[in-house]
>>> print(open('run.txt').read())   # compact mmCIF, C-alpha atoms
# COMPACT_ATOMS: atom_id res chain seq x y z
CA MET A 1 87.43 69.24 82.19
CA ASN A 2 90.42 70.02 80.02
CA PHE A 3 90.44 72.09 76.86
CA LEU A 4 89.52 69.19 74.55
CA ASP A 5 86.55 68.26 76.73
CA HIS A 6 85.32 71.86 76.63
CA LEU A 7 85.83 71.91 72.87
CA ARG A 8 83.72 68.77 72.42
CA ALA A 9 80.98 70.19 74.64
CA GLN A 10 80.89 73.56 72.87
CA TRP A 11 81.89 72.61 69.34
CA PHE A 12 79.03 74.48 67.68
CA ALA A 13 79.79 77.79 69.42
CA ALA A 14 83.48 77.30 68.66
CA LEU A 15 82.76 76.62 64.98
CA PHE A 16 80.50 79.66 64.70
CA GLY A 17 83.11 81.75 66.50
CA CYS A 18 85.82 80.63 64.06
CA ILE A 19 83.61 81.63 61.14
CA LEU A 20 83.11 85.06 62.71
CA TYR A 21 86.86 85.37 63.38
CA THR A 22 87.60 84.61 59.73
CA ALA A 23 84.98 87.04 58.44
CA ALA A 24 86.05 89.83 60.80
CA ILE A 25 89.77 89.54 60.08
CA ALA A 26 89.14 89.28 56.32
CA ILE A 27 86.95 92.42 56.36
CA LEU A 28 89.42 94.37 58.48
CA PHE A 29 92.45 93.36 56.41
CA TRP A 30 90.68 94.06 53.10
CA ASN A 31 89.37 97.38 54.39
CA GLU A 32 92.75 98.54 55.67
CA GLY A 33 94.45 97.44 52.44
CA ARG A 34 91.90 99.49 50.52
CA ALA A 35 92.46 102.46 52.85
CA VAL A 36 96.23 102.24 52.39
CA ASN A 37 95.90 102.06 48.61
CA ASN A 38 93.52 105.02 48.58
CA ALA A 39 95.90 107.06 50.70
CA MET A 40 98.87 106.11 48.50
CA SER A 41 96.87 106.95 45.36
CA LEU A 42 95.93 110.39 46.64
CA ASP A 43 99.50 111.08 47.76
CA GLU A 44 100.85 110.01 44.37
CA ALA A 45 98.25 111.95 42.44
CA MET A 46 98.55 115.15 44.43
CA SER A 47 102.33 115.18 44.01
CA ASN A 48 101.87 115.42 40.22
CA VAL A 49 98.81 117.66 39.93
CA TYR A 50 98.82 120.86 37.88
CA ILE A 51 96.42 123.72 38.67
CA ALA A 52 94.99 124.83 35.35
CA ASN A 53 92.78 127.77 34.40
CA ALA A 54 89.66 126.41 32.71
CA ASN A 55 89.19 129.65 30.74
CA ASP A 56 92.61 129.44 29.09
CA PRO A 57 93.13 127.43 25.89
CA ILE A 58 94.38 123.89 26.56
CA ASP A 59 98.16 123.64 26.70
CA PRO A 60 99.29 120.54 24.70
CA SER A 61 101.95 119.89 27.34
CA LEU A 62 99.19 119.01 29.83
CA GLU A 63 98.19 115.92 27.85
CA GLY A 64 98.32 112.87 30.14
CA ARG A 65 98.82 114.96 33.27
CA LEU A 66 96.64 115.25 36.34
CA ILE A 67 95.02 118.68 36.47
CA HIS A 68 92.81 120.66 38.84
CA ILE A 69 90.16 122.94 37.34
CA THR A 70 87.20 124.90 38.68
CA GLY A 71 84.48 126.74 36.85
CA LYS A 72 80.90 126.79 35.66
CA ILE A 73 79.72 123.79 33.66
CA SER A 74 78.24 124.19 30.19
CA THR A 75 76.07 121.61 28.46
CA GLY A 76 75.13 123.20 25.15
CA GLU A 77 72.05 121.23 24.11
CA PRO A 78 69.15 120.89 26.59
CA LEU A 79 67.80 117.56 27.80
CA THR A 80 64.13 117.22 26.91
CA GLU A 81 60.97 115.26 27.60
CA PRO A 82 58.77 116.54 24.76
CA ASP A 83 55.65 114.64 25.84
CA TYR A 84 55.60 116.65 29.06
CA GLY A 85 57.03 119.95 27.86
CA ILE A 86 60.22 119.48 29.88
CA GLN A 87 63.59 120.82 28.82
CA VAL A 88 66.54 121.72 31.02
CA LEU A 89 70.21 122.57 30.51
CA ALA A 90 71.81 120.08 32.88
CA VAL A 91 74.19 117.13 33.00
CA LYS A 92 71.41 114.66 33.86
CA LEU A 93 67.62 114.53 33.59
CA LYS A 94 65.92 111.75 35.53
CA ARG A 95 62.42 110.44 34.87
CA ARG A 96 61.07 108.43 37.79
CA VAL A 97 57.96 106.39 37.01
CA GLN A 98 55.72 104.84 39.68
CA MET A 99 52.67 102.65 39.27
CA TYR A 100 49.64 102.30 41.56
CA GLN A 101 49.52 98.62 42.54
CA TRP A 102 48.11 96.05 44.92
CA ILE A 103 50.35 95.22 47.88
CA GLU A 104 50.09 92.14 50.07
CA GLU A 105 51.29 92.24 53.66
CA GLU A 106 51.44 89.45 56.18
CA VAL A 107 50.63 90.42 59.76
CA GLU A 108 49.07 88.98 62.87
CA TYR A 109 45.87 90.89 62.21
CA LYS A 110 45.10 94.19 60.56
CA PHE A 111 42.16 95.63 58.65
CA GLY A 112 42.63 96.33 54.96
CA GLU A 113 40.87 96.13 51.64
CA SER A 114 40.45 92.37 52.04
CA VAL A 115 41.68 89.93 54.63
CA ALA A 116 42.46 86.20 54.47
CA THR A 117 43.49 84.01 57.39
CA ILE A 118 44.90 80.52 57.01
CA GLU A 119 43.14 78.06 59.27
CA GLY A 120 45.39 76.52 61.90
CA ASN A 121 47.97 79.26 61.33
CA ASP A 122 48.45 82.74 62.77
CA ARG A 123 49.32 84.27 59.39
CA THR A 124 46.87 86.92 58.23
CA TYR A 125 46.98 88.71 54.88
CA TYR A 126 45.61 92.09 54.02
CA TYR A 127 45.70 94.03 50.76
CA THR A 128 46.14 97.75 50.12
CA MET A 129 47.10 99.88 47.13
CA ASP A 130 50.04 102.25 46.91
CA TRP A 131 52.59 103.73 44.49
CA ARG A 132 55.62 101.56 43.76
CA ASP A 133 58.76 102.00 41.62
CA ASP A 134 58.89 98.31 40.64
CA ILE A 135 56.35 95.74 39.57
CA VAL A 136 54.72 93.89 42.48
CA ASP A 137 54.19 90.29 41.39
CA SER A 138 50.53 89.62 42.18
CA SER A 139 50.78 86.01 40.98
CA MET A 140 52.42 85.19 44.33
CA PHE A 141 49.55 86.65 46.40
CA TYR A 142 47.58 84.36 48.67
CA ILE A 143 44.34 85.79 47.24
CA ARG A 144 44.99 86.48 43.55
CA SER A 145 41.39 87.07 42.51
CA GLY A 146 40.62 90.78 42.47
CA HIS A 147 44.26 91.72 43.22
CA ASN A 148 45.89 91.66 39.79
CA ASN A 149 48.76 93.99 38.96
CA PRO A 150 50.11 94.76 35.47
CA THR A 151 53.19 92.78 34.48
CA LYS A 152 55.24 95.71 33.13
CA PHE A 153 55.51 99.49 33.05
CA PRO A 154 54.28 101.12 29.84
CA ILE A 155 56.74 103.96 30.52
CA GLN A 156 60.18 103.21 31.94
CA THR A 157 62.27 105.07 34.47
CA ARG A 158 65.38 106.46 32.83
CA VAL A 159 68.21 108.97 33.21
CA GLN A 160 69.28 111.10 30.25
CA LEU A 161 72.92 112.16 30.10
CA ALA A 162 74.14 115.23 28.28
CA GLU A 163 76.44 114.34 25.40
CA HIS A 164 78.83 117.26 25.75
CA VAL A 165 79.61 118.85 29.13
CA SER A 166 82.53 121.18 29.64
CA ILE A 167 84.16 123.57 32.08
CA GLY A 168 85.70 126.32 30.02
CA TYR A 169 87.87 124.69 27.34
CA PHE A 170 87.95 121.32 29.11
CA GLU A 171 85.35 118.69 28.21
CA LEU A 172 84.25 116.30 30.95
CA GLY A 173 84.40 112.56 30.29
CA SER A 174 81.63 110.09 31.09
CA ALA A 175 83.27 109.12 34.40
CA VAL A 176 83.17 112.75 35.55
CA LYS A 177 79.53 113.12 34.51
CA SER A 178 78.59 109.96 36.40
CA LYS A 179 79.82 111.58 39.63
CA VAL A 180 77.32 114.43 39.30
CA THR A 181 74.65 112.82 41.45
CA ARG A 182 72.83 115.52 43.46
CA PHE A 183 69.35 115.53 41.92
CA ILE A 184 66.91 118.40 42.37
CA GLU A 185 63.20 118.01 41.73
CA LEU A 186 62.05 119.73 38.57
CA THR A 187 58.67 121.43 38.71
CA SER A 188 56.84 123.05 35.82
CA ASP A 189 53.60 124.96 35.33
CA SER A 190 53.26 124.00 31.67
CA ARG A 191 50.59 121.36 31.18
CA PRO A 192 51.10 118.54 28.67
CA GLU A 193 49.20 118.62 25.40
CA ASP A 194 47.86 115.11 26.05
CA PRO A 195 44.58 115.58 28.01
CA SER A 196 44.97 112.17 29.67
CA VAL A 197 48.10 113.42 31.47
CA LYS A 198 47.37 115.59 34.50
CA LEU A 199 49.77 117.85 36.42
CA HIS A 200 49.43 118.06 40.20
CA SER A 201 52.03 119.26 42.75
CA GLY A 202 54.84 118.91 40.22
CA LEU A 203 53.94 115.30 39.35
CA TYR A 204 52.50 114.08 36.05
CA TYR A 205 49.66 111.56 36.38
CA HIS A 206 48.45 109.12 33.74
CA CYS A 207 45.02 108.54 35.29
CA ASN A 208 41.38 109.59 35.23
CA ASP A 209 41.32 111.04 38.75
CA VAL A 210 44.42 112.28 40.55
CA PHE A 211 42.78 111.95 43.97
CA ASN A 212 41.30 108.49 43.33
CA PRO A 213 43.89 106.53 41.34
CA GLU A 214 43.27 103.01 40.07
CA VAL A 215 45.59 100.01 39.77
CA GLY A 216 47.81 100.50 36.74
CA ASP A 217 47.79 104.31 36.87
CA LEU A 218 51.16 106.04 36.55
CA ARG A 219 52.75 109.09 38.09
CA ILE A 220 56.00 110.62 36.87
CA GLN A 221 58.48 112.84 38.65
CA PHE A 222 61.33 114.68 36.93
CA SER A 223 64.59 115.82 38.51
CA PHE A 224 67.88 117.15 37.21
CA SER A 225 71.50 117.12 38.32
CA GLY A 226 74.32 119.46 37.35
CA LEU A 227 72.44 122.54 36.19
CA GLU A 228 74.31 124.61 33.62
CA GLY A 229 76.08 127.52 35.26
CA THR A 230 76.76 125.62 38.49
CA THR A 231 80.38 125.79 39.66
CA TYR A 232 82.22 122.47 39.97
CA THR A 233 85.73 121.44 40.95
CA VAL A 234 87.32 118.56 39.04
CA VAL A 235 90.65 116.80 39.55
CA GLY A 236 91.44 114.30 36.81
CA MET A 237 93.73 113.44 33.92
CA LEU A 238 93.59 115.30 30.62
CA GLN A 239 93.32 112.88 27.72
CA ASN A 240 92.49 114.03 24.19
CA GLY A 241 90.93 117.20 25.55
CA LYS A 242 88.70 115.36 28.06
CA ILE A 243 89.00 114.96 31.83
CA VAL A 244 89.18 111.23 32.68
CA PRO A 245 90.26 109.18 35.76
CA TYR A 246 93.99 109.23 36.56
CA PRO A 247 95.47 105.71 36.92
CA THR A 248 97.99 105.36 39.75
CA SER A 249 100.76 102.84 40.31
CA VAL A 250 98.56 100.81 42.70
CA ASN A 251 95.84 100.35 40.02
CA ILE A 252 93.40 102.79 41.61
CA ASN A 253 91.90 105.56 39.52
CA VAL A 254 91.82 109.04 41.03
CA LEU A 255 88.97 111.30 39.95
CA LEU A 256 87.60 113.99 42.27
CA VAL A 257 84.40 115.84 41.46
CA PHE A 258 82.88 118.34 43.90
CA GLU A 259 80.19 120.94 43.57
CA GLY A 260 81.52 124.40 44.38
CA ASP A 261 84.80 126.27 43.97
CA LEU A 262 87.37 124.30 45.98
CA THR A 263 91.10 124.77 46.15
CA LEU A 264 93.33 121.77 45.59
CA ALA A 265 93.92 121.43 49.35
CA SER A 266 90.18 121.58 50.08
CA ALA A 267 89.41 119.00 47.38
CA LEU A 268 92.06 116.67 48.78
CA LYS A 269 90.70 117.11 52.31
CA ALA A 270 87.16 116.35 51.13
CA ALA A 271 88.38 113.21 49.34
CA HIS A 272 90.19 111.97 52.44
CA TYR A 273 87.08 112.64 54.52
CA SER A 274 84.90 110.64 52.12
CA TYR A 275 87.32 107.70 52.22
CA LYS A 276 87.49 107.87 56.03
CA LEU A 277 83.73 107.56 56.41
CA THR A 278 83.70 104.32 54.40
CA THR A 279 86.81 102.99 56.13
CA TRP A 280 85.45 103.60 59.64
CA GLY A 281 82.16 101.99 58.68
CA PHE A 282 83.92 98.74 57.75
CA ARG A 283 86.13 98.99 60.84
CA PHE A 284 83.03 99.10 63.02
CA ILE A 285 81.57 96.04 61.24
CA GLY A 286 84.83 94.12 61.74
CA PHE A 287 84.99 95.12 65.42
CA VAL A 288 81.41 93.95 66.05
CA LEU A 289 82.10 90.62 64.34
CA LEU A 290 85.23 90.16 66.46
CA PHE A 291 83.29 90.92 69.64
CA PHE A 292 80.68 88.26 68.86
CA ALA A 293 83.39 85.80 67.81
CA ILE A 294 85.19 86.24 71.14
CA THR A 295 81.88 86.01 73.00
CA CYS A 296 81.20 82.64 71.35
CA THR A 297 84.62 81.34 72.38
CA THR A 298 85.06 83.03 75.80
CA ALA A 299 84.77 79.82 77.80
CA LEU A 300 87.31 78.05 75.59
CA LEU A 301 89.73 80.98 75.77
CA GLN A 302 89.52 81.05 79.56
CA VAL A 303 90.23 77.32 79.77
CA LEU A 304 93.14 77.71 77.36
CA PHE A 305 94.63 80.72 79.17
CA CYS A 306 94.22 79.34 82.67
CA GLN A 307 96.51 76.44 81.74
CA ASN A 308 99.38 78.90 81.40
CA ARG A 309 100.16 81.20 84.32
CA LEU A 310 101.71 83.90 82.11
CA LEU A 311 98.74 84.03 79.75
CA TRP A 312 96.29 84.09 82.63
CA SER A 313 98.18 86.94 84.30
CA ILE A 314 97.85 89.20 81.26
CA MET A 315 94.25 88.23 80.51
CA PRO A 316 92.24 91.48 80.92
CA ASP A 317 89.27 91.40 83.28
CA ALA A 318 88.83 87.64 83.44
CA ASP A 319 86.13 88.16 86.08
CA HIS A 320 84.19 90.53 83.80
CA PRO A 321 83.64 88.73 80.47
CA VAL A 322 81.96 91.61 78.60
CA THR A 323 84.74 94.07 79.44
CA GLY A 324 87.38 91.49 78.63
CA ASN A 325 85.72 90.67 75.29
CA LEU A 326 85.61 94.35 74.35
CA ILE A 327 89.31 94.75 75.16
CA LEU A 328 90.27 91.65 73.19
CA SER A 329 88.17 92.75 70.22
CA PHE A 330 89.76 96.19 70.27
CA SER A 331 93.28 94.76 70.50
CA ILE A 332 92.82 92.24 67.67
CA ALA A 333 91.23 94.88 65.43
CA LEU A 334 94.13 97.26 66.09
CA ALA A 335 96.69 94.51 65.40
CA VAL A 336 95.13 93.66 62.03
CA THR A 337 94.93 97.34 61.15
CA ALA A 338 98.58 97.85 62.12
CA LEU A 339 99.74 95.06 59.79
CA ALA A 340 98.24 96.92 56.84
CA TRP A 341 99.70 100.32 57.77
CA ILE A 342 103.12 99.47 59.18
CA PHE A 343 104.86 99.24 55.79
CA HIS A 344 103.19 102.35 54.36
CA ARG A 345 103.36 104.58 57.43
CA PRO A 346 105.60 102.87 60.04
CA TRP A 347 104.94 105.34 62.86
CA ILE A 348 101.18 104.84 62.59
CA GLY A 349 101.56 101.05 62.42
CA CYS A 350 103.92 100.90 65.41
CA SER A 351 101.62 103.15 67.44
CA MET A 352 98.69 100.85 66.68
CA ILE A 353 100.67 97.77 67.73
CA PHE A 354 101.61 99.43 71.03
CA ALA A 355 97.97 100.41 71.59
CA ALA A 356 96.90 96.81 70.83
CA ILE A 357 99.21 95.27 73.45
CA SER A 358 98.89 98.03 76.04
CA PRO A 359 95.88 96.47 77.86
CA PHE A 360 97.83 93.25 78.38
CA LEU A 361 100.92 95.14 79.56
CA LEU A 362 98.81 97.02 82.08
CA CYS A 363 97.28 93.78 83.34
CA ALA A 364 100.70 92.16 83.68
CA ARG A 365 102.05 95.24 85.50
CA GLY A 366 99.10 95.15 87.89
CA VAL A 367 99.69 91.47 88.67
CA ILE A 368 103.43 92.06 89.30
CA MET A 369 102.78 95.01 91.61
CA TYR A 370 100.12 93.05 93.49
CA GLN A 371 102.55 90.17 94.05
CA ARG A 372 105.18 92.56 95.45
CA VAL A 373 102.84 93.92 98.10
CA PRO A 374 103.80 92.24 101.46
>>> encode(input="run.txt", output="structure tokens")
Amino acid sequence: MNFLDHLRAQWFAALFGCILYTAAIAILFWNEGRAVNNAMSLDEAMSNVYIANANDPIDPSLEGRLIHITGKISTGEPLTEPDYGIQVLAVKLKRRVQMYQWIEEEVEYKFGESVATIEGNDRTYYYTMDWRDDIVDSSMFYIRSGHNNPTKFPIQTRVQLAEHVSIGYFELGSAVKSKVTRFIELTSDSRPEDPSVKLHSGLYYHCNDVFNPEVGDLRIQFSFSGLEGTTYTVVGMLQNGKIVPYPTSVNINVLLVFEGDLTLASALKAAHYSYKLTTWGFRFIGFVLLFFAITCTTALLQVLFCQNRLLWSIMPDADHPVTGNLILSFSIALAVTALAWIFHRPWIGCSMIFAAISPFLLCARGVIMYQRVP
């Protein structure tokens, strides 16, 4: 059978492999382009940054410049939940509301509050009750009678945001405040004035019995983020007295917000580390997709390569498909990555290209040395 005969016999695997090739290369190229732009943005931003003292009055000459400040945040007015006696000086106050609801699960067989089995089918339904953050639509249950959930929350989950937050003389813009995301559970010993609201283990319950809740009962948990007096490090652009994202020449905004007192070098290192985690995650996804794409088309590739003696001689581990597929996946991933980096950092790109072709050079060298042995 020639290549076309193999292609006709395995057209579905070839088509699926081509889809995976396209997806993998697109993800890798997009990811590396994003990584290059992020690196360029940080390099550009850090070359123009000014280290300012947050406790000194704002110098008008800093307007429009990228600055680095550290200090304790101040919020001024507290965030409150008057119905529960909650008030806290913080950047954010989160109210998480859960409702006790019926839940339907489909299993082979399991005991629950009530069970229904469809005749002639192995599907079995059982119903339990538990706390959920979202409405469970009971109209889609197999047994709707006796398992009715409310259609909406009487109290909504929400996050309050402090209007004015500052570090020394510098006010923080909304983009900076949105990056303050480490929430800490807020507990209080003060009981609400409403007798229908009960406090237990830091949670507020709208129910008759905390230990025996009913469908429709609510429980509320409060948490805060960015407590006043906490030290933060911010790198951003000063605009009208506020710290906002800094736009770079590659249309990427630079805004670094870290909890703690970090030097400029430490903040830059932390930013690079954060970007690297995301970049390597997408690289792994692209590599896996490439491996499965090559696995789907291994037979076709072997037929295609065996028709050319040179290609067959540099084919790595033709007798061990899994090893060969891993090598090919690694080489293609490196080649795509190199294309994105070679213009920005030539030495890195050239090194990646050499690493991508090195398995094939080793295979070709092994074949040549084997042929020279008498």
>>> closest_residue(input="run.txt", among="A:Leu20, A:Ile69, A:Val250, A:Leu218", to="Gln98 of chain A", atoms="all atoms listed in the file")
A:Leu218
>>> residues_around(input="run.txt", residues="Ser201 of chain A", least_positions_apart="5", cutoff="12 Å", atoms="all atoms listed in the file", output="ChimeraX atom specification")
/A:185-189,191,210-211,219-222
>>> atom_distance(input="run.txt", atom1="atom CA of Asn48 of chain A", atom2="atom CA of Leu66 of chain A")
6.5 Å
>>> residues_near_point(input="run.txt", point="(95.3, 123.1, 48.4)", cutoff="12 Å", atoms="all atoms listed in the file", output="list of chain:residue names")
A:Met46, A:Ser47, A:Val49, A:Tyr50, A:Ile51, A:His68, A:Val235, A:Asp261, A:Leu262, A:Thr263, A:Leu264, A:Ala265, A:Ser266, A:Ala267, A:Leu268, A:Lys269, A:Ala270
>>> residues_around(input="run.txt", residues="Ala24 of chain A", least_positions_apart="2", cutoff="8 Å", atoms="all atoms listed in the file", output="VMD selection string")
chain A and resid 20 to 22 26 to 28 285 to 287 289 to 290
>>> closest_residue(input="run.txt", among="A:Pro60, A:Asp194, A:Lys92, A:Tyr127", to="Val107 of chain A", atoms="all atoms listed in the file")
A:Tyr127
>>> residues_around(input="run.txt", residues="Thr231 of chain A", least_positions_apart="6", cutoff="9 Å", atoms="all atoms listed in the file", output="list in words")
Thr70, Gly71, Lys72, Ile73, Ile167, Phe258, Glu259, Gly260 and Asp261 of chain A
>>> closest_residue(input="run.txt", among="A:Ser329, A:Ser249, A:Asp137, A:Glu32", to="Glu44 of chain A", atoms="all atoms listed in the file")
A:Ser249
>>> decode(input="run.txt", residues="segment 222-241 of chain A", atoms="N, CA, C and O atoms", output="compact mmCIF listing (two decimals), in the first residue's frame")
# COMPACT_ATOMS: atom_id res chain seq x y z
N PHE A 222 -18.98 36.01 55.75
CA PHE A 222 -18.33 37.27 55.40
C PHE A 222 -16.82 37.09 55.39
O PHE A 222 -16.26 36.35 56.21
N SER A 223 -16.17 37.77 54.46
CA SER A 223 -14.71 37.75 54.38
C SER A 223 -14.24 39.11 53.86
O SER A 223 -14.99 39.82 53.17
N PHE A 224 -13.02 39.44 54.15
CA PHE A 224 -12.48 40.74 53.72
C PHE A 224 -11.14 40.53 53.03
O PHE A 224 -10.47 39.50 53.20
N SER A 225 -10.74 41.54 52.27
CA SER A 225 -9.46 41.50 51.57
C SER A 225 -8.83 42.89 51.63
O SER A 225 -9.52 43.90 51.42
N GLY A 226 -7.56 42.95 51.90
CA GLY A 226 -6.86 44.23 51.97
C GLY A 226 -7.19 45.01 53.22
O GLY A 226 -7.70 46.13 53.15
N LEU A 227 -6.90 44.43 54.38
CA LEU A 227 -7.17 45.10 55.65
C LEU A 227 -6.32 46.35 55.77
O LEU A 227 -5.14 46.37 55.40
N GLU A 228 -6.93 47.41 56.29
CA GLU A 228 -6.20 48.66 56.49
C GLU A 228 -5.00 48.43 57.39
O GLU A 228 -5.08 47.75 58.41
N GLY A 229 -3.88 49.02 57.01
CA GLY A 229 -2.65 48.83 57.76
C GLY A 229 -1.75 47.76 57.19
O GLY A 229 -0.59 47.63 57.61
N THR A 230 -2.28 46.98 56.22
CA THR A 230 -1.46 45.94 55.58
C THR A 230 -0.52 46.60 54.56
O THR A 230 -0.92 47.50 53.82
N THR A 231 0.71 46.15 54.51
CA THR A 231 1.70 46.70 53.59
C THR A 231 1.55 46.09 52.21
O THR A 231 1.46 44.87 52.06
N TYR A 232 1.51 46.94 51.19
CA TYR A 232 1.41 46.49 49.79
C TYR A 232 2.49 47.19 48.96
O TYR A 232 2.93 48.30 49.29
N THR A 233 2.88 46.51 47.90
CA THR A 233 3.79 47.06 46.90
C THR A 233 3.03 47.23 45.59
O THR A 233 2.39 46.28 45.13
N VAL A 234 3.12 48.42 45.00
CA VAL A 234 2.38 48.71 43.77
C VAL A 234 3.34 49.33 42.76
O VAL A 234 4.12 50.23 43.10
N VAL A 235 3.27 48.82 41.53
CA VAL A 235 4.01 49.41 40.41
C VAL A 235 2.99 49.75 39.34
O VAL A 235 2.35 48.87 38.77
N GLY A 236 2.79 51.04 39.09
CA GLY A 236 1.81 51.48 38.11
C GLY A 236 2.07 52.92 37.70
O GLY A 236 3.01 53.57 38.19
N MET A 237 1.22 53.44 36.84
CA MET A 237 1.40 54.79 36.32
C MET A 237 0.60 55.78 37.17
O MET A 237 -0.54 55.51 37.56
N LEU A 238 1.20 56.92 37.44
CA LEU A 238 0.51 57.98 38.17
C LEU A 238 -0.27 58.84 37.18
O LEU A 238 0.30 59.41 36.25
N GLN A 239 -1.57 58.91 37.42
CA GLN A 239 -2.44 59.70 36.54
C GLN A 239 -3.47 60.43 37.41
O GLN A 239 -4.31 59.80 38.05
N ASN A 240 -3.38 61.75 37.42
CA ASN A 240 -4.28 62.58 38.22
C ASN A 240 -4.29 62.18 39.69
O ASN A 240 -5.34 62.13 40.34
N GLY A 241 -3.11 61.85 40.20
CA GLY A 241 -2.99 61.49 41.60
C GLY A 241 -3.34 60.05 41.93
O GLY A 241 -3.24 59.65 43.09
